[in-house]
Structures are given as structure tokens and as C-alpha cells.
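To start, the structure itself, in C-alpha cells.
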Amino acid sequence: MAEYKIAVIPGDGIGAEVTKSACAVLEEVAKRTGNSFAFTEVLAGGAAIDATGDPLPEKTLQIAKESDAVLLGAVGGPKWDALPGKQRPEAALLGLRKGLGLYANLRLAILFPQLRSASPLKDEIIGNGINIMIVRELTGGIYFGKRGIEASSETLEDGSPKGMEAFDVETYSEGEIRRILKVGFVLAMQRKKKLIVVDKANILETSRLWRKVTEEVRKDYPEVEVEFMYVDNASMQLLRRPSSMDVIVTSNMFGDILSDEAGMITGSIGMLPSASLGDPGKPGMYEPVHGSAPDIAGTGKANPLATILSCAMMLRSSLDLAAEADRIEQAVQDVLAQGYRTADIAEDEKAQILTTTQMTEKVIEAYRALA
Ligand code: NAD
């Protein structure tokens with residue numbers, strides 16, 4: 001039996017409430033499997049600024065690095081909004097990503113059939129539900145390329161001066177592309193063996209390199225069916241046939257945009273889990289997509305399901321407990337099928353609205369009830 005070390009970063013706002021729920025579910029996993037979880041709670045974000053003056057204290061990063069996985073609530077809030085860039089709570093996220101070498105961001109856009117009315121899409125498009133894993137490259141591309149702004153001495157066709165001119169450069173190396181593609185292929189193997197590589201290869205040189213590397217990497221995963229899709233088409237297909245899409249892998253900027261679009265079509269931010277991964281064997285970081293929701297912090301209204309589902313991703317990707325991940329996802333579905341909702345996902349007055357703690361208890365009950 002294993003003992004898994006989990007660094008827990010509650011963060012700010014509802015972060016403490018939802019990570020507490022997720023840890024309670026993990027305790028149940030421990031009971032069922034005979035493994036154990038050693039949780040170490042550490043500070044980051046606004047809570048860390050208040051306690052130490054630093055959004056990411058060295059101790060937090062050290063404990064995160066020594067863990068098998070990191071569970072993060074959310075950071076930020078109005079109290080710290082006036083601070084300059086590097087002293088803001090969000091600096092902790094960048095520091096954690098960099099310190100842990102996390103280059104793959106996985107966002108699961110999941111719409112359970114029970115919540116179909118939350119989606120802005122029509123019933124016939126949703127089909128039996130939506131379950132798309134978007135793998136976004138996190139540390140390269142245009143967001144980290146050369147940038148600058150300078151005065152141009154040139155003119156436009158009509159003779160008027162160009163004025164200031166700014167540039168942001170998209171750069172990708174074969175190595176960076178290969179490692180993120182591997183994450184995509186591994187996930188495709190764990191799921192439906194279908195992988196969509198999103199790019200703009202009709203225009204961008206970097207995209208053409210992505211395609212070349214894909215052709216090499218796919219040889220190691222012959223069972224995976226690969227589809228190349230231009231990003232403009234992908235943004236349309238997400239609205240036209242989302243239920244037929246499974247794993248999407250793409251660059252930093254395209255992934256940023258498409259994962260928000262995919263999240264929106266599921267309609268409920270309180271339901272969306274995510275993971276950030278580095279090299280195999282290194283700790284991954286798992287967190288809900290939502291923020292610290294300061295407007296509902298401390299009211300018991302926070303939906304814990306995104307964080308609980310993030311733990312399912314943790315069990316599958318970092319702890320080799322895929323069967324328990326499946327059970328947690330099933331337990332969440334069962335609770336929704338029984339009509340239980342937190343306020344953010346309650347579609348009508350018939351819903352039985354639960355607090356954060358009550359919802360967590362229902363998931364635990366449903367998990368216990370599974371064979
Ligand atoms: P938010 O996701 O915190 O909240 C947006 C809306 O969704 C709010 O009305 C909130 O009440 C609701 N909501 C969010 N999660 C919910 C949940 N689990 N259950 C029920 N309702 C939920 O986004 P925001 O208001 O733009 O940001 C608030 C703070 O969070 C900001 O300081 C922002 O910088 C930070 N933030 C942090 C992260 C992160 O830590 N990864 C991500 C996004 C935003």
C-alpha cells in the first residue's frame with residue numbers, strides 16, 4: 001500500500017472550502033483502497049501575502065516539489081488587487097508552474113447529461129453530454145516569445161505614418177512540441193484513442209513544425225486516430241459537434257482561447273476541473289478552473305464538484321489510481337442524477353439545493369455505494 005504526499009494549497013476565498021471537500025473525498029479513496037494520503041497544507045496567494053509578504057513562500061514551493069501531487073483551491077481577491085504585478089496573488093500560480101516545470105495544462109470541459117440545460121447549446125448538439133479534454137502547451141509560444149514596441153519610420157499606403165509598432169513572436173522548438181504531443185497521445189490512449197491537433201498550418205511556420213513532429217510522435221501510438229484541424233475551424237466545431245470531440249492538443253494561445261470556449265459551452269464554471277503537468281514522475285498540480293469567488297466565500301454556496309473532479313484527474317494522472325478516478329466521476333454523476341445541486345447549477349425550483357458540505361457528503365455517500 002502506498003502513502004501519497006499531497007501538498008494542499010487552499011489559497012483564498014472559496015479555495016479553503018473546496019479543497020477541504022476534495023480532501024474529504026480523497027480520505028474515502030484511502031479507506032477503500034488501503035492507501036493513505038499525507039496532506040501538508042501550505043500558503044500561496046493572498047493568504048501567503050498576509051502571512052509572509054510573499055505570494056509564493058519558498059517553503060510552499062519546496063513542499064510542492066517534494067509531493068506526489070499538488071491540490072490548489074484558487075488565489076486572489078479584491079483585498080490584493082491594488083498590489084503591483086509580482087507581488088499579486090496570481091504571481092504564485094506562475095511561480096508554481098515554473099518551479100514545478102509544468103508545461104501541459106489539461107482542462108476537462110465536461111457537461112453531464114443531467115446539467116444539459118446549463119449549456120447555451122441546443123439539445124440535439126449536446127447529444128449524450130460533452131466530455132472534451134483540452135491539452136494546452138503552457139510555457140512556450142507567443143506568450144513567452146520575444147516582444148517589443150518601437151517607433152516606426154515607415155508609412156501606410158496612403159502616406160500616413162505608422163506610428164508605434166509592436167510585435168510578439170511565436171516560437172516553438174521540436175522538443176517543446178514533442179513533449180506536449182506525448183501528453184496528448186497518452187491521454188488519447190486512456191480515453192477514446194482520438195486526438196485532434198489544432199493549429200494554423202496554412203499560415204504559421206510554427207504550426208507546420210507541430211504537424212511534422214506529430215507525424216513522428218504518432219508512430220509510437222499507432223492506435224490513436226489523429227485529426228489536424230485549423231484553429232478557426234476548431235472554434236466552430238466546438239459549437240457544432242462538441243460531443244464527437246475528445247482530446248484536443250494545441251499551442252499556448254490557441255489552447256487559452258479554445259479552453260474558455262469549451263468551458264462556456266458546458267455552462268457551469270463550478271463544474272470544471274483542470275490539471276497542469278510536467279515530466280512524467282514529477283508532481284502535477286490540480287485545481288478547479290474557477291477563481292476564488294470572493295462574492296460567495298464563507299457562505300457555504302461554493303460548488304465543490306470542480307475541485308473533487310480535479311482530484312479524479314490527480315488519481316488518474318499522478319497517482320495511478322484510475323479506477324478510483326472513474327468511481328469519483330461516477331459518484332458525481334449519480335448525485336446529479338438524484339437531483340442534488342449547489343445553487344450555481346440549480347436549473348429550477350425542483351432542484352434540491354445543497355451547501356458545499358452537504359454536496360461533499362452526497363458525493364462521498366455515492367462513492368461508498370459504488371461496487
Ligand atoms: P471566479 O471564478 O472566482 O467567479 C466568477 C463567478 O462564478 C462568481 O460569481 C462566482 O461566485 C462564481 N463561481 C466561481 N466558482 C464557483 C463555485 N465553485 N461555486 C459557485 N459559484 C462559483 O472569477 P472572478 O470573479 O473573475 O475572480 C475572482 C478572483 O479569483 C480574482 O481575484 C481572480 O484573479 C481570481 N482567479 C483565480 C484563479 C486561480 O487561482 N486559478 C482563476 C480565476 C480567477
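Simple scheme: letters A, B, ... for chains in C-alpha cells order, numbers from 1 for residues in each chain, numbers from 1 for ligands in the order shown.
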Can you pull out the residues contacting region 116-124 of chain A? Cut-off 6 Å, using only C-alpha atoms, and skip same-chain residues under 4 positions away; I want them as a PDB file with N, CA and C atoms, in the first residue's frame.
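Writing done, so here's result.pdb:
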ATOM      1  N   ILE A 265     -19.333  26.356 -23.129  1.00  0.00           N
ATOM      2  CA  ILE A 265     -20.433  25.544 -23.640  1.00  0.00           C
ATOM      3  C   ILE A 265     -20.938  24.538 -22.606  1.00  0.00           C
ATOM      4  N   THR A 266     -20.163  24.315 -21.566  1.00  0.00           N
ATOM      5  CA  THR A 266     -20.669  23.444 -20.509  1.00  0.00           C
ATOM      6  C   THR A 266     -21.551  24.236 -19.537  1.00  0.00           C
ATOM      7  N   GLY A 267     -21.392  25.541 -19.529  1.00  0.00           N
ATOM      8  CA  GLY A 267     -22.331  26.388 -18.795  1.00  0.00           C
ATOM      9  C   GLY A 267     -22.095  26.534 -17.300  1.00  0.00           C
TER      10      GLY A 267
END
Nearby polymer residues, ligand 1, at most 7 Å, only C-alpha atoms and all ligand atoms, as a PDB file with all heavy atoms, in the first residue's frame:
ATOM      1  N   GLY A  73      -6.653  25.372  -4.425  1.00  0.00           N
ATOM      2  CA  GLY A  73      -8.011  25.935  -4.475  1.00  0.00           C
ATOM      3  C   GLY A  73      -8.035  27.033  -5.519  1.00  0.00           C
ATOM      4  O   GLY A  73      -8.220  26.782  -6.708  1.00  0.00           O
ATOM      5  N   ALA A  74      -7.822  28.248  -5.109  1.00  0.00           N
ATOM      6  CA  ALA A  74      -7.740  29.383  -6.049  1.00  0.00           C
ATOM      7  C   ALA A  74      -7.096  30.525  -5.282  1.00  0.00           C
ATOM      8  O   ALA A  74      -7.152  30.554  -4.047  1.00  0.00           O
ATOM      9  CB  ALA A  74      -9.129  29.782  -6.520  1.00  0.00           C
ATOM     10  N   VAL A  75      -6.489  31.432  -6.019  1.00  0.00           N
ATOM     11  CA  VAL A  75      -5.865  32.570  -5.339  1.00  0.00           C
ATOM     12  C   VAL A  75      -6.429  33.884  -5.874  1.00  0.00           C
ATOM     13  O   VAL A  75      -6.927  33.947  -6.982  1.00  0.00           O
ATOM     14  CB  VAL A  75      -4.323  32.570  -5.501  1.00  0.00           C
ATOM     15  CG1 VAL A  75      -3.701  31.348  -4.856  1.00  0.00           C
ATOM     16  CG2 VAL A  75      -3.923  32.677  -6.969  1.00  0.00           C
ATOM     17  N   GLY A  76      -6.345  34.903  -5.036  1.00  0.00           N
ATOM     18  CA  GLY A  76      -6.739  36.249  -5.465  1.00  0.00           C
ATOM     19  C   GLY A  76      -7.981  36.749  -4.769  1.00  0.00           C
ATOM     20  O   GLY A  76      -8.703  35.986  -4.119  1.00  0.00           O
ATOM     21  N   GLY A  77      -8.186  38.049  -4.911  1.00  0.00           N
ATOM     22  CA  GLY A  77      -9.360  38.679  -4.309  1.00  0.00           C
ATOM     23  C   GLY A  77      -9.159  40.177  -4.264  1.00  0.00           C
ATOM     24  O   GLY A  77      -8.027  40.661  -4.424  1.00  0.00           O
ATOM     25  N   PRO A  78     -10.236  40.921  -4.051  1.00  0.00           N
ATOM     26  CA  PRO A  78     -10.165  42.385  -4.109  1.00  0.00           C
ATOM     27  C   PRO A  78      -9.163  42.990  -3.128  1.00  0.00           C
ATOM     28  O   PRO A  78      -8.564  44.021  -3.405  1.00  0.00           O
ATOM     29  CB  PRO A  78     -11.595  42.836  -3.778  1.00  0.00           C
ATOM     30  CG  PRO A  78     -12.348  41.625  -3.386  1.00  0.00           C
ATOM     31  CD  PRO A  78     -11.586  40.416  -3.800  1.00  0.00           C
ATOM     32  N   GLU A  90      -1.678  36.222  -7.962  1.00  0.00           N
ATOM     33  CA  GLU A  90      -1.548  35.413  -9.190  1.00  0.00           C
ATOM     34  C   GLU A  90      -0.094  35.060  -9.490  1.00  0.00           C
ATOM     35  O   GLU A  90       0.185  34.097 -10.219  1.00  0.00           O
ATOM     36  CB  GLU A  90      -2.150  36.145 -10.402  1.00  0.00           C
ATOM     37  CG  GLU A  90      -3.652  36.330 -10.362  1.00  0.00           C
ATOM     38  CD  GLU A  90      -4.122  37.453  -9.431  1.00  0.00           C
ATOM     39  OE1 GLU A  90      -3.276  38.196  -8.894  1.00  0.00           O
ATOM     40  OE2 GLU A  90      -5.344  37.563  -9.233  1.00  0.00           O
ATOM     41  N   ILE A 269     -19.187  26.992 -14.457  1.00  0.00           N
ATOM     42  CA  ILE A 269     -17.783  27.130 -14.074  1.00  0.00           C
ATOM     43  C   ILE A 269     -17.465  26.331 -12.806  1.00  0.00           C
ATOM     44  O   ILE A 269     -16.345  25.868 -12.612  1.00  0.00           O
ATOM     45  CB  ILE A 269     -17.402  28.619 -13.942  1.00  0.00           C
ATOM     46  CG1 ILE A 269     -15.880  28.748 -13.828  1.00  0.00           C
ATOM     47  CG2 ILE A 269     -18.091  29.311 -12.782  1.00  0.00           C
ATOM     48  CD1 ILE A 269     -15.321  30.065 -14.195  1.00  0.00           C
ATOM     49  N   GLY A 270     -18.454  26.125 -11.974  1.00  0.00           N
ATOM     50  CA  GLY A 270     -18.242  25.383 -10.727  1.00  0.00           C
ATOM     51  C   GLY A 270     -18.050  23.884 -10.932  1.00  0.00           C
ATOM     52  O   GLY A 270     -17.863  23.139  -9.978  1.00  0.00           O
ATOM     53  N   VAL A 289     -11.125  25.157 -12.403  1.00  0.00           N
ATOM     54  CA  VAL A 289     -10.916  26.248 -13.365  1.00  0.00           C
ATOM     55  C   VAL A 289     -11.354  27.591 -12.767  1.00  0.00           C
ATOM     56  O   VAL A 289     -10.786  28.632 -13.071  1.00  0.00           O
ATOM     57  CB  VAL A 289     -11.703  25.943 -14.671  1.00  0.00           C
ATOM     58  CG1 VAL A 289     -11.850  27.176 -15.545  1.00  0.00           C
ATOM     59  CG2 VAL A 289     -11.002  24.824 -15.446  1.00  0.00           C
ATOM     60  N   HIS A 290     -12.342  27.536 -11.869  1.00  0.00           N
ATOM     61  CA  HIS A 290     -12.869  28.794 -11.331  1.00  0.00           C
ATOM     62  C   HIS A 290     -11.876  29.487 -10.410  1.00  0.00           C
ATOM     63  O   HIS A 290     -10.867  28.901  -9.981  1.00  0.00           O
ATOM     64  CB  HIS A 290     -14.203  28.562 -10.608  1.00  0.00           C
ATOM     65  CG  HIS A 290     -14.113  27.643  -9.422  1.00  0.00           C
ATOM     66  ND1 HIS A 290     -13.534  28.015  -8.231  1.00  0.00           N
ATOM     67  CD2 HIS A 290     -14.540  26.371  -9.243  1.00  0.00           C
ATOM     68  CE1 HIS A 290     -13.620  27.012  -7.377  1.00  0.00           C
ATOM     69  NE2 HIS A 290     -14.219  25.992  -7.971  1.00  0.00           N
ATOM     70  N   GLY A 291     -12.179  30.748 -10.091  1.00  0.00           N
ATOM     71  CA  GLY A 291     -11.328  31.523  -9.205  1.00  0.00           C
ATOM     72  C   GLY A 291     -11.778  31.422  -7.756  1.00  0.00           C
ATOM     73  O   GLY A 291     -12.469  30.459  -7.367  1.00  0.00           O
ATOM     74  N   SER A 292     -11.416  32.425  -6.968  1.00  0.00           N
ATOM     75  CA  SER A 292     -11.654  32.359  -5.527  1.00  0.00           C
ATOM     76  C   SER A 292     -13.055  32.831  -5.127  1.00  0.00           C
ATOM     77  O   SER A 292     -13.395  32.808  -3.948  1.00  0.00           O
ATOM     78  CB  SER A 292     -10.598  33.196  -4.802  1.00  0.00           C
ATOM     79  OG  SER A 292     -10.678  34.534  -5.264  1.00  0.00           O
ATOM     80  N   ALA A 293     -13.840  33.254  -6.122  1.00  0.00           N
ATOM     81  CA  ALA A 293     -15.243  33.650  -5.907  1.00  0.00           C
ATOM     82  C   ALA A 293     -15.456  34.408  -4.601  1.00  0.00           C
ATOM     83  O   ALA A 293     -16.231  33.961  -3.736  1.00  0.00           O
ATOM     84  CB  ALA A 293     -16.149  32.410  -5.977  1.00  0.00           C
ATOM     85  N   PRO A 294     -14.828  35.558  -4.435  1.00  0.00           N
ATOM     86  CA  PRO A 294     -14.947  36.278  -3.156  1.00  0.00           C
ATOM     87  C   PRO A 294     -16.396  36.647  -2.819  1.00  0.00           C
ATOM     88  O   PRO A 294     -16.742  36.770  -1.636  1.00  0.00           O
ATOM     89  CB  PRO A 294     -14.111  37.551  -3.362  1.00  0.00           C
ATOM     90  CG  PRO A 294     -13.612  37.533  -4.759  1.00  0.00           C
ATOM     91  CD  PRO A 294     -13.932  36.236  -5.392  1.00  0.00           C
ATOM     92  N   ASP A 295     -17.241  36.748  -3.870  1.00  0.00           N
ATOM     93  CA  ASP A 295     -18.648  37.123  -3.625  1.00  0.00           C
ATOM     94  C   ASP A 295     -19.417  36.085  -2.823  1.00  0.00           C
ATOM     95  O   ASP A 295     -20.411  36.407  -2.177  1.00  0.00           O
ATOM     96  CB  ASP A 295     -19.373  37.423  -4.967  1.00  0.00           C
ATOM     97  CG  ASP A 295     -19.237  36.295  -5.989  1.00  0.00           C
ATOM     98  OD1 ASP A 295     -18.249  35.534  -5.921  1.00  0.00           O
ATOM     99  OD2 ASP A 295     -20.124  36.171  -6.850  1.00  0.00           O
ATOM    100  N   ILE A 296     -18.975  34.821  -2.839  1.00  0.00           N
ATOM    101  CA  ILE A 296     -19.718  33.794  -2.085  1.00  0.00           C
ATOM    102  C   ILE A 296     -18.857  33.120  -1.011  1.00  0.00           C
ATOM    103  O   ILE A 296     -19.304  32.169  -0.361  1.00  0.00           O
ATOM    104  CB  ILE A 296     -20.322  32.715  -3.016  1.00  0.00           C
ATOM    105  CG1 ILE A 296     -19.230  32.057  -3.889  1.00  0.00           C
ATOM    106  CG2 ILE A 296     -21.427  33.289  -3.887  1.00  0.00           C
ATOM    107  CD1 ILE A 296     -19.692  30.752  -4.520  1.00  0.00           C
ATOM    108  N   LYS A 301     -21.979  28.389  -0.211  1.00  0.00           N
ATOM    109  CA  LYS A 301     -22.600  28.222  -1.540  1.00  0.00           C
ATOM    110  C   LYS A 301     -21.638  27.675  -2.589  1.00  0.00           C
ATOM    111  O   LYS A 301     -22.035  27.407  -3.708  1.00  0.00           O
ATOM    112  CB  LYS A 301     -23.110  29.583  -2.037  1.00  0.00           C
ATOM    113  CG  LYS A 301     -24.363  30.056  -1.347  1.00  0.00           C
ATOM    114  CD  LYS A 301     -24.888  31.287  -2.069  1.00  0.00           C
ATOM    115  CE  LYS A 301     -26.074  31.861  -1.323  1.00  0.00           C
ATOM    116  NZ  LYS A 301     -26.290  33.263  -1.615  1.00  0.00           N
ATOM    117  N   ALA A 302     -20.357  27.566  -2.248  1.00  0.00           N
ATOM    118  CA  ALA A 302     -19.377  27.138  -3.261  1.00  0.00           C
ATOM    119  C   ALA A 302     -19.652  25.715  -3.724  1.00  0.00           C
ATOM    120  O   ALA A 302     -19.881  24.817  -2.908  1.00  0.00           O
ATOM    121  CB  ALA A 302     -17.972  27.232  -2.686  1.00  0.00           C
ATOM    122  N   ASN A 303     -19.625  25.531  -5.026  1.00  0.00           N
ATOM    123  CA  ASN A 303     -19.780  24.205  -5.604  1.00  0.00           C
ATOM    124  C   ASN A 303     -18.424  23.492  -5.513  1.00  0.00           C
ATOM    125  O   ASN A 303     -17.448  23.943  -6.106  1.00  0.00           O
ATOM    126  CB  ASN A 303     -20.205  24.367  -7.072  1.00  0.00           C
ATOM    127  CG  ASN A 303     -20.438  23.046  -7.762  1.00  0.00           C
ATOM    128  OD1 ASN A 303     -20.061  21.996  -7.256  1.00  0.00           O
ATOM    129  ND2 ASN A 303     -21.048  23.101  -8.929  1.00  0.00           N
ATOM    130  N   PRO A 304     -18.347  22.381  -4.792  1.00  0.00           N
ATOM    131  CA  PRO A 304     -17.046  21.705  -4.630  1.00  0.00           C
ATOM    132  C   PRO A 304     -16.721  20.740  -5.773  1.00  0.00           C
ATOM    133  O   PRO A 304     -15.658  20.132  -5.788  1.00  0.00           O
ATOM    134  CB  PRO A 304     -17.248  20.920  -3.329  1.00  0.00           C
ATOM    135  CG  PRO A 304     -18.699  20.551  -3.346  1.00  0.00           C
ATOM    136  CD  PRO A 304     -19.426  21.699  -4.033  1.00  0.00           C
ATOM    137  N   ALA A 306     -15.988  20.910  -9.020  1.00  0.00           N
ATOM    138  CA  ALA A 306     -14.823  21.105  -9.899  1.00  0.00           C
ATOM    139  C   ALA A 306     -13.557  20.630  -9.207  1.00  0.00           C
ATOM    140  O   ALA A 306     -12.685  20.008  -9.825  1.00  0.00           O
ATOM    141  CB  ALA A 306     -14.698  22.578 -10.275  1.00  0.00           C
ATOM    142  N   ASP A 344     -25.346  27.329  -7.767  1.00  0.00           N
ATOM    143  CA  ASP A 344     -24.889  27.789  -9.091  1.00  0.00           C
ATOM    144  C   ASP A 344     -25.362  26.906 -10.237  1.00  0.00           C
ATOM    145  O   ASP A 344     -25.402  27.352 -11.375  1.00  0.00           O
ATOM    146  CB  ASP A 344     -23.344  27.877  -9.115  1.00  0.00           C
ATOM    147  CG  ASP A 344     -22.690  26.536  -8.799  1.00  0.00           C
ATOM    148  OD1 ASP A 344     -23.098  25.900  -7.818  1.00  0.00           O
ATOM    149  OD2 ASP A 344     -21.788  26.119  -9.539  1.00  0.00           O
TER     150      ASP A 344
END
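For Ser235 (chain A), the residues within 9 Å (counting only C-alpha atoms, excluding itself and residues fewer than 2 positions away along the chain) are Tyr230, Val231, Asp232, Asn233, Gln237, Leu238, Leu239, Ile257, Leu258, Glu261 and Ala262 of chain A.
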Can I get the selected residues back with C-alpha atoms, as a short mmCIF file (atom, residue, chain, number, x, y, z; two decimals), in the first residue's frame?
data_model
loop_
_atom_site.label_atom_id
_atom_site.label_comp_id
_atom_site.auth_asym_id
_atom_site.auth_seq_id
_atom_site.Cartn_x
_atom_site.Cartn_y
_atom_site.Cartn_z
CA TYR A 230 -7.22 24.70 -38.16
CA VAL A 231 -7.97 26.77 -35.09
CA ASP A 232 -10.73 28.78 -36.80
CA ASN A 233 -12.45 25.54 -37.78
CA GLN A 237 -16.64 22.58 -34.49
CA LEU A 238 -16.73 23.08 -30.72
CA LEU A 239 -20.16 24.62 -31.21
CA ILE A 257 -8.90 30.64 -26.22
CA LEU A 258 -10.40 27.24 -27.06
CA GLU A 261 -14.89 28.48 -25.32
CA ALA A 262 -15.20 24.81 -24.35
#
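When only C-alpha atoms are used to compute distances to Gly85 (chain A), the closest of the residues A:Ile63, A:Pro55, A:Glu324, A:Glu165 turns out to be A:Pro55.
Take CA of Ile49 (chain A) and CA of Asp260 (chain A): the distance between them is 28.6 Å.
Rounded to one decimal, CA of Leu93 (chain A) and CA of Arg107 (chain A) lie 15.9 Å from each other.
Between Thr357 (chain A) and the residues A:Ser21, A:Asp326, A:Val42, A:Tyr286, the shortest atom-to-atom distance, using only C-alpha atoms, involves A:Ser21.
When only C-alpha atoms are used to measure the gap to Glu137 (chain A), the shortest distance among A:Lys193, A:Lys282, A:Lys31, A:Arg97 belongs to A:Arg97.
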Next item on the list: Determine which residues of region 96-150 of chain A DSSP labels as helix (DSSP H, G or I) from the backbone of this structure, then write them out as a ChimeraX atom specification.
Entry: /A:96-100,113-118,123-126,141-144
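Nearest residue to Ile180 (chain A), choosing from A:Phe228, A:Phe254, A:Tyr103, A:Phe37 and counting only C-alpha atoms: A:Tyr103.
Considering the residues A:Arg88, A:Arg178, A:Arg240, A:Lys20 and counting only C-alpha atoms, Glu41 (chain A) has its shortest atom-to-atom contact with A:Lys20.
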